[in-house]
Amino acid sequence: MSGVYGGVVVNTTNNEDVSNAINLHGSEDESGWNQMLPNATLVLLPTVLAGIGKHGQMMCEGDCALHRSSQLFSFRSYLLRNILYPNYESISKQLPAGYITFSLPGGSSRPHEVSFFENIIPIAKDLYGEEKVKVVDMAKLPTFQEEAHLAMNTAVFFANHGGGSSTSIFLPWGSSVFLYAAGAHAKYKDGPWIDIGKKVHLDSIFYATSSYIRPTWIHENERDDVVRIAKMLQSEYKRTMESWIERGIHTNDGQIQD
């Protein structure tokens with residue numbers, strides 16, 4: 001989930017510094033990933049900046065992980081307050097629609113590994129109706145506001161493991177996310193981008209510790225088992241609805257669907 005929201009403007013008169021920043025943060029060499037740019041006096045965040053690509057390497061065990069769920073949910077609220085400013089308070093009080101949302105991997109850097117969910121989307125529409133199922137390429141949405149608002153109204157979210165799953169940060173408490181993993185982006189792997197000693201890849205750590213959303217991993221050899229995936233979808237949708245009702249939240253149509 002190496003996603004970035006918002007943007008950075010560097011207050012510097014040296015164009016070479018900006019070029020160096022692009023080269024540094026876009027290259028394989030990340031030795032200076034957390035360093036301030038030379039001659040930069042100010043970094044402005046017009047909306048918000050967020051990235052957790054390093055999350056797996058900063059993971060820990062034991063007491064230091066306590067309260068991480070509440071901290072991550074507070075981080076979600078912080079993002080939404082910025083992205084939806086000045087309308088966050090009114091939007092957050094609206095009843096969620098309870099969508100099943102499929103995030104298509106348009107423009108993926110690994111097209112041979114990702115799924116476009118062709119075999120499960122028709123089943124979801126048969127189960128819940130055309131209006132409840134949203135099939136969206138998030139990269140083509142005109143604004144972050146629209147992306148965040150869609151996620152806030154989603155009960156079950158389907159995405160590919162990696163940057164395309166970053167929208168799930170905005171999911172409501174008690175919602176579910178299905179993560180399709182494959183190849184180099186499988187949940188477990190060897191290599192530098194792992195939690196030390198765990199062999200857990202990137203955003204696996206986020207989903208394992210967030211607690212406010214429920215992750216379900218679908219690996220490459222499991223994608224064609226649509227009967228199983230459909231049953232899990234129904235189970236997760238029901239669990240989300242029950243979770244929302246326990247928290248005093250109902251969908252905007254007031255229904256629980258099995």
# chains A, B, ... in the order shown; residues from 1 in each chain; ligands from 1
>>> residues_around(residues="Ile218 in chain A", least_positions_apart="4", cutoff="8 Å", atoms="only C-alpha atoms", output="PyMOL selection string")
chain A and resi 178-181+222-223
>>> residues_around(residues="Arg76 in chain A", least_positions_apart="2", cutoff="10 Å", atoms="only C-alpha atoms", output="number ranges by chain")
A: 70-74, 78-81, 168-172
>>> atom_distance(atom1="CA of Leu150 in chain A", atom2="CA of Pro111 in chain A")
24.4 Å
>>> select_by_dssp(residues="range 95-147 of chain A", states="helix (DSSP H, G or I)", output="NGL selection string")
:A and (121-128 or 138-140 or 144-147)
>>> write_last_selection(atoms="N, CA and C atoms", output="PDB file, in the first residue's frame")
ATOM      1  N   ILE A 121     -17.569 -10.119 -10.181  1.00  0.00           N
ATOM      2  CA  ILE A 121     -18.436  -8.933 -10.308  1.00  0.00           C
ATOM      3  C   ILE A 121     -19.863  -9.310 -10.714  1.00  0.00           C
ATOM      4  N   PRO A 122     -20.072 -10.162 -11.746  1.00  0.00           N
ATOM      5  CA  PRO A 122     -21.459 -10.526 -12.096  1.00  0.00           C
ATOM      6  C   PRO A 122     -22.190 -11.227 -10.955  1.00  0.00           C
ATOM      7  N   ILE A 123     -21.481 -12.048 -10.184  1.00  0.00           N
ATOM      8  CA  ILE A 123     -22.104 -12.742  -9.058  1.00  0.00           C
ATOM      9  C   ILE A 123     -22.525 -11.734  -7.989  1.00  0.00           C
ATOM     10  N   ALA A 124     -21.655 -10.766  -7.713  1.00  0.00           N
ATOM     11  CA  ALA A 124     -21.994  -9.729  -6.736  1.00  0.00           C
ATOM     12  C   ALA A 124     -23.224  -8.938  -7.167  1.00  0.00           C
ATOM     13  N   LYS A 125     -23.320  -8.641  -8.460  1.00  0.00           N
ATOM     14  CA  LYS A 125     -24.487  -7.894  -8.965  1.00  0.00           C
ATOM     15  C   LYS A 125     -25.753  -8.726  -8.867  1.00  0.00           C
ATOM     16  N   ASP A 126     -25.640 -10.036  -9.106  1.00  0.00           N
ATOM     17  CA  ASP A 126     -26.807 -10.908  -8.945  1.00  0.00           C
ATOM     18  C   ASP A 126     -27.266 -10.969  -7.492  1.00  0.00           C
ATOM     19  N   LEU A 127     -26.305 -10.963  -6.576  1.00  0.00           N
ATOM     20  CA  LEU A 127     -26.627 -11.073  -5.159  1.00  0.00           C
ATOM     21  C   LEU A 127     -27.187  -9.774  -4.580  1.00  0.00           C
ATOM     22  N   TYR A 128     -26.627  -8.632  -5.000  1.00  0.00           N
ATOM     23  CA  TYR A 128     -26.950  -7.375  -4.321  1.00  0.00           C
ATOM     24  C   TYR A 128     -27.547  -6.302  -5.227  1.00  0.00           C
ATOM     25  N   MET A 138     -10.023   3.804  -9.635  1.00  0.00           N
ATOM     26  CA  MET A 138      -9.826   4.956  -8.759  1.00  0.00           C
ATOM     27  C   MET A 138      -8.943   6.019  -9.392  1.00  0.00           C
ATOM     28  N   ALA A 139      -7.998   5.583 -10.241  1.00  0.00           N
ATOM     29  CA  ALA A 139      -7.085   6.537 -10.866  1.00  0.00           C
ATOM     30  C   ALA A 139      -7.802   7.485 -11.823  1.00  0.00           C
ATOM     31  N   LYS A 140      -8.995   7.097 -12.262  1.00  0.00           N
ATOM     32  CA  LYS A 140      -9.736   7.928 -13.215  1.00  0.00           C
ATOM     33  C   LYS A 140     -10.773   8.824 -12.550  1.00  0.00           C
ATOM     34  N   PHE A 144      -9.800  13.377  -5.129  1.00  0.00           N
ATOM     35  CA  PHE A 144      -9.657  12.536  -3.955  1.00  0.00           C
ATOM     36  C   PHE A 144     -10.948  12.515  -3.151  1.00  0.00           C
ATOM     37  N   GLN A 145     -11.686  13.626  -3.198  1.00  0.00           N
ATOM     38  CA  GLN A 145     -12.945  13.694  -2.458  1.00  0.00           C
ATOM     39  C   GLN A 145     -13.902  12.594  -2.903  1.00  0.00           C
ATOM     40  N   GLU A 146     -13.980  12.384  -4.207  1.00  0.00           N
ATOM     41  CA  GLU A 146     -14.881  11.358  -4.732  1.00  0.00           C
ATOM     42  C   GLU A 146     -14.422   9.966  -4.326  1.00  0.00           C
ATOM     43  N   GLU A 147     -13.115   9.749  -4.365  1.00  0.00           N
ATOM     44  CA  GLU A 147     -12.559   8.462  -3.957  1.00  0.00           C
ATOM     45  C   GLU A 147     -12.842   8.188  -2.482  1.00  0.00           C
TER      46      GLU A 147
END
>>> atom_distance(atom1="CA of Ile213 in chain A", atom2="CA of Phe157 in chain A")
10.0 Å
>>> residues_around(residues="Ser235 in chain A", least_positions_apart="2", cutoff="12 Å", atoms="only C-alpha atoms", output="count of residues only")
21
>>> atom_distance(atom1="CA of Val135 in chain A", atom2="CA of Asn82 in chain A")
25.6 Å
>>> closest_residue(among="A:Asp225, A:Glu246, A:Ser166, A:Gly107", to="Tyr207 in chain A", atoms="only C-alpha atoms")
A:Ser166
>>> select_by_dssp(residues="range 86-194 of chain A", states="strand (DSSP E)", output="PyMOL selection string")
chain A and resi 99-103+133-136+154-160+175-181
>>> residues_around(residues="Phe117 in chain A", least_positions_apart="3", cutoff="9 Å", atoms="only C-alpha atoms", output="mmCIF file with N, CA, C and O atoms, in the first residue's frame")
data_model
loop_
_atom_site.group_PDB
_atom_site.id
_atom_site.type_symbol
_atom_site.label_atom_id
_atom_site.label_comp_id
_atom_site.auth_asym_id
_atom_site.auth_seq_id
_atom_site.Cartn_x
_atom_site.Cartn_y
_atom_site.Cartn_z
ATOM 1 N N PHE A 102 -15.451 -2.598 -6.261
ATOM 2 C CA PHE A 102 -14.317 -3.254 -6.911
ATOM 3 C C PHE A 102 -13.394 -2.166 -7.461
ATOM 4 O O PHE A 102 -13.802 -1.377 -8.312
ATOM 5 N N LEU A 104 -10.597 -1.314 -9.748
ATOM 6 C CA LEU A 104 -9.893 -1.879 -10.908
ATOM 7 C C LEU A 104 -8.448 -1.376 -10.963
ATOM 8 O O LEU A 104 -8.186 -0.205 -10.666
ATOM 9 N N ILE A 120 -16.139 -12.484 -10.455
ATOM 10 C CA ILE A 120 -16.924 -12.282 -9.233
ATOM 11 C C ILE A 120 -17.862 -11.074 -9.323
ATOM 12 O O ILE A 120 -18.892 -11.026 -8.644
ATOM 13 N N ILE A 121 -17.569 -10.119 -10.181
ATOM 14 C CA ILE A 121 -18.436 -8.933 -10.308
ATOM 15 C C ILE A 121 -19.863 -9.310 -10.714
ATOM 16 O O ILE A 121 -20.830 -8.837 -10.089
ATOM 17 N N PHE A 158 -13.001 -4.711 -2.787
ATOM 18 C CA PHE A 158 -12.104 -5.626 -3.494
ATOM 19 C C PHE A 158 -10.985 -4.813 -4.139
ATOM 20 O O PHE A 158 -11.253 -3.834 -4.851
ATOM 21 N N ALA A 159 -9.730 -5.235 -3.902
ATOM 22 C CA ALA A 159 -8.593 -4.525 -4.485
ATOM 23 C C ALA A 159 -7.431 -5.485 -4.663
ATOM 24 O O ALA A 159 -7.390 -6.564 -4.058
ATOM 25 N N ARG A 223 -8.209 -17.555 -7.076
ATOM 26 C CA ARG A 223 -9.081 -16.593 -7.749
ATOM 27 C C ARG A 223 -10.242 -17.232 -8.503
ATOM 28 O O ARG A 223 -11.293 -16.612 -8.660
#
>>> closest_residue(among="A:Asp137, A:Thr143, A:Ile100, A:Ile83", to="Gln234 in chain A", atoms="only C-alpha atoms")
A:Ile100
>>> decode(residues="range 66-103 of chain A", atoms="N, CA, C and O atoms", output="PDB file, in the first residue's frame")
ATOM      1  N   LEU A  66       0.447  -1.823  20.930  1.00  0.00           N
ATOM      2  CA  LEU A  66      -0.808  -1.547  21.616  1.00  0.00           C
ATOM      3  C   LEU A  66      -1.405  -0.232  21.118  1.00  0.00           C
ATOM      4  O   LEU A  66      -0.693   0.736  20.853  1.00  0.00           O
ATOM      5  N   HIS A  67      -2.731  -0.208  21.000  1.00  0.00           N
ATOM      6  CA  HIS A  67      -3.491   0.984  20.583  1.00  0.00           C
ATOM      7  C   HIS A  67      -3.245   1.366  19.119  1.00  0.00           C
ATOM      8  O   HIS A  67      -3.651   2.437  18.700  1.00  0.00           O
ATOM      9  N   ARG A  68      -2.565   0.505  18.359  1.00  0.00           N
ATOM     10  CA  ARG A  68      -2.306   0.857  16.963  1.00  0.00           C
ATOM     11  C   ARG A  68      -3.613   0.995  16.170  1.00  0.00           C
ATOM     12  O   ARG A  68      -3.724   1.837  15.294  1.00  0.00           O
ATOM     13  N   SER A  69      -4.604   0.176  16.496  1.00  0.00           N
ATOM     14  CA  SER A  69      -5.868   0.254  15.777  1.00  0.00           C
ATOM     15  C   SER A  69      -6.498   1.628  15.913  1.00  0.00           C
ATOM     16  O   SER A  69      -6.904   2.251  14.929  1.00  0.00           O
ATOM     17  N   SER A  70      -6.585   2.123  17.139  1.00  0.00           N
ATOM     18  CA  SER A  70      -7.190   3.442  17.355  1.00  0.00           C
ATOM     19  C   SER A  70      -6.347   4.541  16.721  1.00  0.00           C
ATOM     20  O   SER A  70      -6.884   5.531  16.213  1.00  0.00           O
ATOM     21  N   GLN A  71      -5.029   4.375  16.730  1.00  0.00           N
ATOM     22  CA  GLN A  71      -4.157   5.376  16.118  1.00  0.00           C
ATOM     23  C   GLN A  71      -4.345   5.413  14.606  1.00  0.00           C
ATOM     24  O   GLN A  71      -4.403   6.488  14.000  1.00  0.00           O
ATOM     25  N   LEU A  72      -4.454   4.242  13.987  1.00  0.00           N
ATOM     26  CA  LEU A  72      -4.663   4.200  12.544  1.00  0.00           C
ATOM     27  C   LEU A  72      -6.033   4.754  12.162  1.00  0.00           C
ATOM     28  O   LEU A  72      -6.186   5.416  11.133  1.00  0.00           O
ATOM     29  N   PHE A  73      -7.045   4.486  12.998  1.00  0.00           N
ATOM     30  CA  PHE A  73      -8.363   5.038  12.695  1.00  0.00           C
ATOM     31  C   PHE A  73      -8.363   6.555  12.877  1.00  0.00           C
ATOM     32  O   PHE A  73      -9.029   7.279  12.126  1.00  0.00           O
ATOM     33  N   SER A  74      -7.620   7.046  13.866  1.00  0.00           N
ATOM     34  CA  SER A  74      -7.475   8.497  14.031  1.00  0.00           C
ATOM     35  C   SER A  74      -6.767   9.099  12.828  1.00  0.00           C
ATOM     36  O   SER A  74      -7.091  10.198  12.378  1.00  0.00           O
ATOM     37  N   PHE A  75      -5.780   8.353  12.304  1.00  0.00           N
ATOM     38  CA  PHE A  75      -5.087   8.804  11.091  1.00  0.00           C
ATOM     39  C   PHE A  75      -6.060   8.891   9.925  1.00  0.00           C
ATOM     40  O   PHE A  75      -6.023   9.845   9.137  1.00  0.00           O
ATOM     41  N   ARG A  76      -6.954   7.901   9.819  1.00  0.00           N
ATOM     42  CA  ARG A  76      -7.994   7.930   8.787  1.00  0.00           C
ATOM     43  C   ARG A  76      -8.830   9.198   8.917  1.00  0.00           C
ATOM     44  O   ARG A  76      -9.101   9.893   7.925  1.00  0.00           O
ATOM     45  N   SER A  77      -9.249   9.504  10.133  1.00  0.00           N
ATOM     46  CA  SER A  77     -10.074  10.697  10.358  1.00  0.00           C
ATOM     47  C   SER A  77      -9.316  11.967   9.988  1.00  0.00           C
ATOM     48  O   SER A  77      -9.890  12.903   9.422  1.00  0.00           O
ATOM     49  N   TYR A  78      -8.025  11.976  10.308  1.00  0.00           N
ATOM     50  CA  TYR A  78      -7.199  13.136   9.957  1.00  0.00           C
ATOM     51  C   TYR A  78      -7.157  13.336   8.441  1.00  0.00           C
ATOM     52  O   TYR A  78      -7.310  14.460   7.938  1.00  0.00           O
ATOM     53  N   LEU A  79      -6.954  12.246   7.709  1.00  0.00           N
ATOM     54  CA  LEU A  79      -6.936  12.331   6.252  1.00  0.00           C
ATOM     55  C   LEU A  79      -8.257  12.856   5.713  1.00  0.00           C
ATOM     56  O   LEU A  79      -8.296  13.749   4.872  1.00  0.00           O
ATOM     57  N   LEU A  80      -9.357  12.289   6.213  1.00  0.00           N
ATOM     58  CA  LEU A  80     -10.670  12.670   5.700  1.00  0.00           C
ATOM     59  C   LEU A  80     -11.018  14.120   6.025  1.00  0.00           C
ATOM     60  O   LEU A  80     -11.638  14.811   5.216  1.00  0.00           O
ATOM     61  N   ARG A  81     -10.637  14.568   7.206  1.00  0.00           N
ATOM     62  CA  ARG A  81     -10.913  15.969   7.566  1.00  0.00           C
ATOM     63  C   ARG A  81     -10.218  16.923   6.598  1.00  0.00           C
ATOM     64  O   ARG A  81     -10.753  17.985   6.264  1.00  0.00           O
ATOM     65  N   ASN A  82      -9.024  16.545   6.158  1.00  0.00           N
ATOM     66  CA  ASN A  82      -8.293  17.380   5.205  1.00  0.00           C
ATOM     67  C   ASN A  82      -8.855  17.261   3.802  1.00  0.00           C
ATOM     68  O   ASN A  82      -9.074  18.263   3.117  1.00  0.00           O
ATOM     69  N   ILE A  83      -9.072  16.039   3.369  1.00  0.00           N
ATOM     70  CA  ILE A  83      -9.531  15.815   1.995  1.00  0.00           C
ATOM     71  C   ILE A  83     -10.940  16.376   1.772  1.00  0.00           C
ATOM     72  O   ILE A  83     -11.233  16.936   0.717  1.00  0.00           O
ATOM     73  N   LEU A  84     -11.806  16.221   2.761  1.00  0.00           N
ATOM     74  CA  LEU A  84     -13.204  16.644   2.612  1.00  0.00           C
ATOM     75  C   LEU A  84     -13.478  18.024   3.202  1.00  0.00           C
ATOM     76  O   LEU A  84     -14.636  18.438   3.289  1.00  0.00           O
ATOM     77  N   TYR A  85     -12.438  18.720   3.622  1.00  0.00           N
ATOM     78  CA  TYR A  85     -12.607  20.062   4.180  1.00  0.00           C
ATOM     79  C   TYR A  85     -13.289  20.984   3.165  1.00  0.00           C
ATOM     80  O   TYR A  85     -12.954  20.949   1.974  1.00  0.00           O
ATOM     81  N   PRO A  86     -14.255  21.781   3.602  1.00  0.00           N
ATOM     82  CA  PRO A  86     -14.770  21.999   4.960  1.00  0.00           C
ATOM     83  C   PRO A  86     -16.048  21.204   5.264  1.00  0.00           C
ATOM     84  O   PRO A  86     -16.782  21.561   6.178  1.00  0.00           O
ATOM     85  N   ASN A  87     -16.306  20.135   4.510  1.00  0.00           N
ATOM     86  CA  ASN A  87     -17.591  19.437   4.610  1.00  0.00           C
ATOM     87  C   ASN A  87     -17.510  18.103   5.347  1.00  0.00           C
ATOM     88  O   ASN A  87     -18.464  17.326   5.312  1.00  0.00           O
ATOM     89  N   TYR A  88     -16.379  17.836   5.998  1.00  0.00           N
ATOM     90  CA  TYR A  88     -16.209  16.521   6.619  1.00  0.00           C
ATOM     91  C   TYR A  88     -17.286  16.214   7.648  1.00  0.00           C
ATOM     92  O   TYR A  88     -17.839  15.107   7.668  1.00  0.00           O
ATOM     93  N   GLU A  89     -17.590  17.154   8.531  1.00  0.00           N
ATOM     94  CA  GLU A  89     -18.534  16.882   9.619  1.00  0.00           C
ATOM     95  C   GLU A  89     -19.897  16.465   9.083  1.00  0.00           C
ATOM     96  O   GLU A  89     -20.495  15.491   9.554  1.00  0.00           O
ATOM     97  N   SER A  90     -20.407  17.170   8.094  1.00  0.00           N
ATOM     98  CA  SER A  90     -21.725  16.846   7.552  1.00  0.00           C
ATOM     99  C   SER A  90     -21.696  15.537   6.775  1.00  0.00           C
ATOM    100  O   SER A  90     -22.611  14.713   6.879  1.00  0.00           O
ATOM    101  N   ILE A  91     -20.619  15.311   6.015  1.00  0.00           N
ATOM    102  CA  ILE A  91     -20.514  14.073   5.239  1.00  0.00           C
ATOM    103  C   ILE A  91     -20.383  12.866   6.157  1.00  0.00           C
ATOM    104  O   ILE A  91     -20.987  11.812   5.926  1.00  0.00           O
ATOM    105  N   SER A  92     -19.604  12.993   7.219  1.00  0.00           N
ATOM    106  CA  SER A  92     -19.368  11.858   8.112  1.00  0.00           C
ATOM    107  C   SER A  92     -20.620  11.437   8.871  1.00  0.00           C
ATOM    108  O   SER A  92     -20.698  10.320   9.382  1.00  0.00           O
ATOM    109  N   LYS A  93     -21.616  12.311   8.948  1.00  0.00           N
ATOM    110  CA  LYS A  93     -22.867  11.984   9.642  1.00  0.00           C
ATOM    111  C   LYS A  93     -23.896  11.324   8.731  1.00  0.00           C
ATOM    112  O   LYS A  93     -24.942  10.870   9.198  1.00  0.00           O
ATOM    113  N   GLN A  94     -23.606  11.267   7.437  1.00  0.00           N
ATOM    114  CA  GLN A  94     -24.528  10.641   6.502  1.00  0.00           C
ATOM    115  C   GLN A  94     -24.502   9.123   6.656  1.00  0.00           C
ATOM    116  O   GLN A  94     -23.474   8.535   6.960  1.00  0.00           O
ATOM    117  N   LEU A  95     -25.649   8.488   6.453  1.00  0.00           N
ATOM    118  CA  LEU A  95     -25.713   7.031   6.532  1.00  0.00           C
ATOM    119  C   LEU A  95     -24.966   6.423   5.344  1.00  0.00           C
ATOM    120  O   LEU A  95     -25.135   6.861   4.204  1.00  0.00           O
ATOM    121  N   PRO A  96     -24.134   5.405   5.586  1.00  0.00           N
ATOM    122  CA  PRO A  96     -23.395   4.783   4.476  1.00  0.00           C
ATOM    123  C   PRO A  96     -24.320   3.992   3.564  1.00  0.00           C
ATOM    124  O   PRO A  96     -25.333   3.441   4.014  1.00  0.00           O
ATOM    125  N   ALA A  97     -23.970   3.928   2.301  1.00  0.00           N
ATOM    126  CA  ALA A  97     -24.793   3.227   1.318  1.00  0.00           C
ATOM    127  C   ALA A  97     -24.613   1.719   1.390  1.00  0.00           C
ATOM    128  O   ALA A  97     -25.482   0.963   0.990  1.00  0.00           O
ATOM    129  N   GLY A  98     -23.471   1.261   1.895  1.00  0.00           N
ATOM    130  CA  GLY A  98     -23.226  -0.179   1.977  1.00  0.00           C
ATOM    131  C   GLY A  98     -22.888  -0.814   0.641  1.00  0.00           C
ATOM    132  O   GLY A  98     -23.379  -1.889   0.308  1.00  0.00           O
ATOM    133  N   TYR A  99     -22.011  -0.168  -0.114  1.00  0.00           N
ATOM    134  CA  TYR A  99     -21.637  -0.680  -1.433  1.00  0.00           C
ATOM    135  C   TYR A  99     -20.689  -1.878  -1.327  1.00  0.00           C
ATOM    136  O   TYR A  99     -19.983  -2.060  -0.342  1.00  0.00           O
ATOM    137  N   ILE A 100     -20.675  -2.690  -2.390  1.00  0.00           N
ATOM    138  CA  ILE A 100     -19.582  -3.615  -2.661  1.00  0.00           C
ATOM    139  C   ILE A 100     -18.785  -2.956  -3.781  1.00  0.00           C
ATOM    140  O   ILE A 100     -19.293  -2.787  -4.891  1.00  0.00           O
ATOM    141  N   THR A 101     -17.571  -2.542  -3.482  1.00  0.00           N
ATOM    142  CA  THR A 101     -16.779  -1.757  -4.422  1.00  0.00           C
ATOM    143  C   THR A 101     -15.593  -2.559  -4.937  1.00  0.00           C
ATOM    144  O   THR A 101     -14.832  -3.121  -4.151  1.00  0.00           O
ATOM    145  N   PHE A 102     -15.451  -2.598  -6.261  1.00  0.00           N
ATOM    146  CA  PHE A 102     -14.317  -3.254  -6.911  1.00  0.00           C
ATOM    147  C   PHE A 102     -13.394  -2.166  -7.461  1.00  0.00           C
ATOM    148  O   PHE A 102     -13.802  -1.377  -8.312  1.00  0.00           O
ATOM    149  N   SER A 103     -12.173  -2.126  -6.966  1.00  0.00           N
ATOM    150  CA  SER A 103     -11.189  -1.146  -7.408  1.00  0.00           C
ATOM    151  C   SER A 103     -10.347  -1.751  -8.530  1.00  0.00           C
ATOM    152  O   SER A 103      -9.484  -2.603  -8.295  1.00  0.00           O
TER     153      SER A 103
END
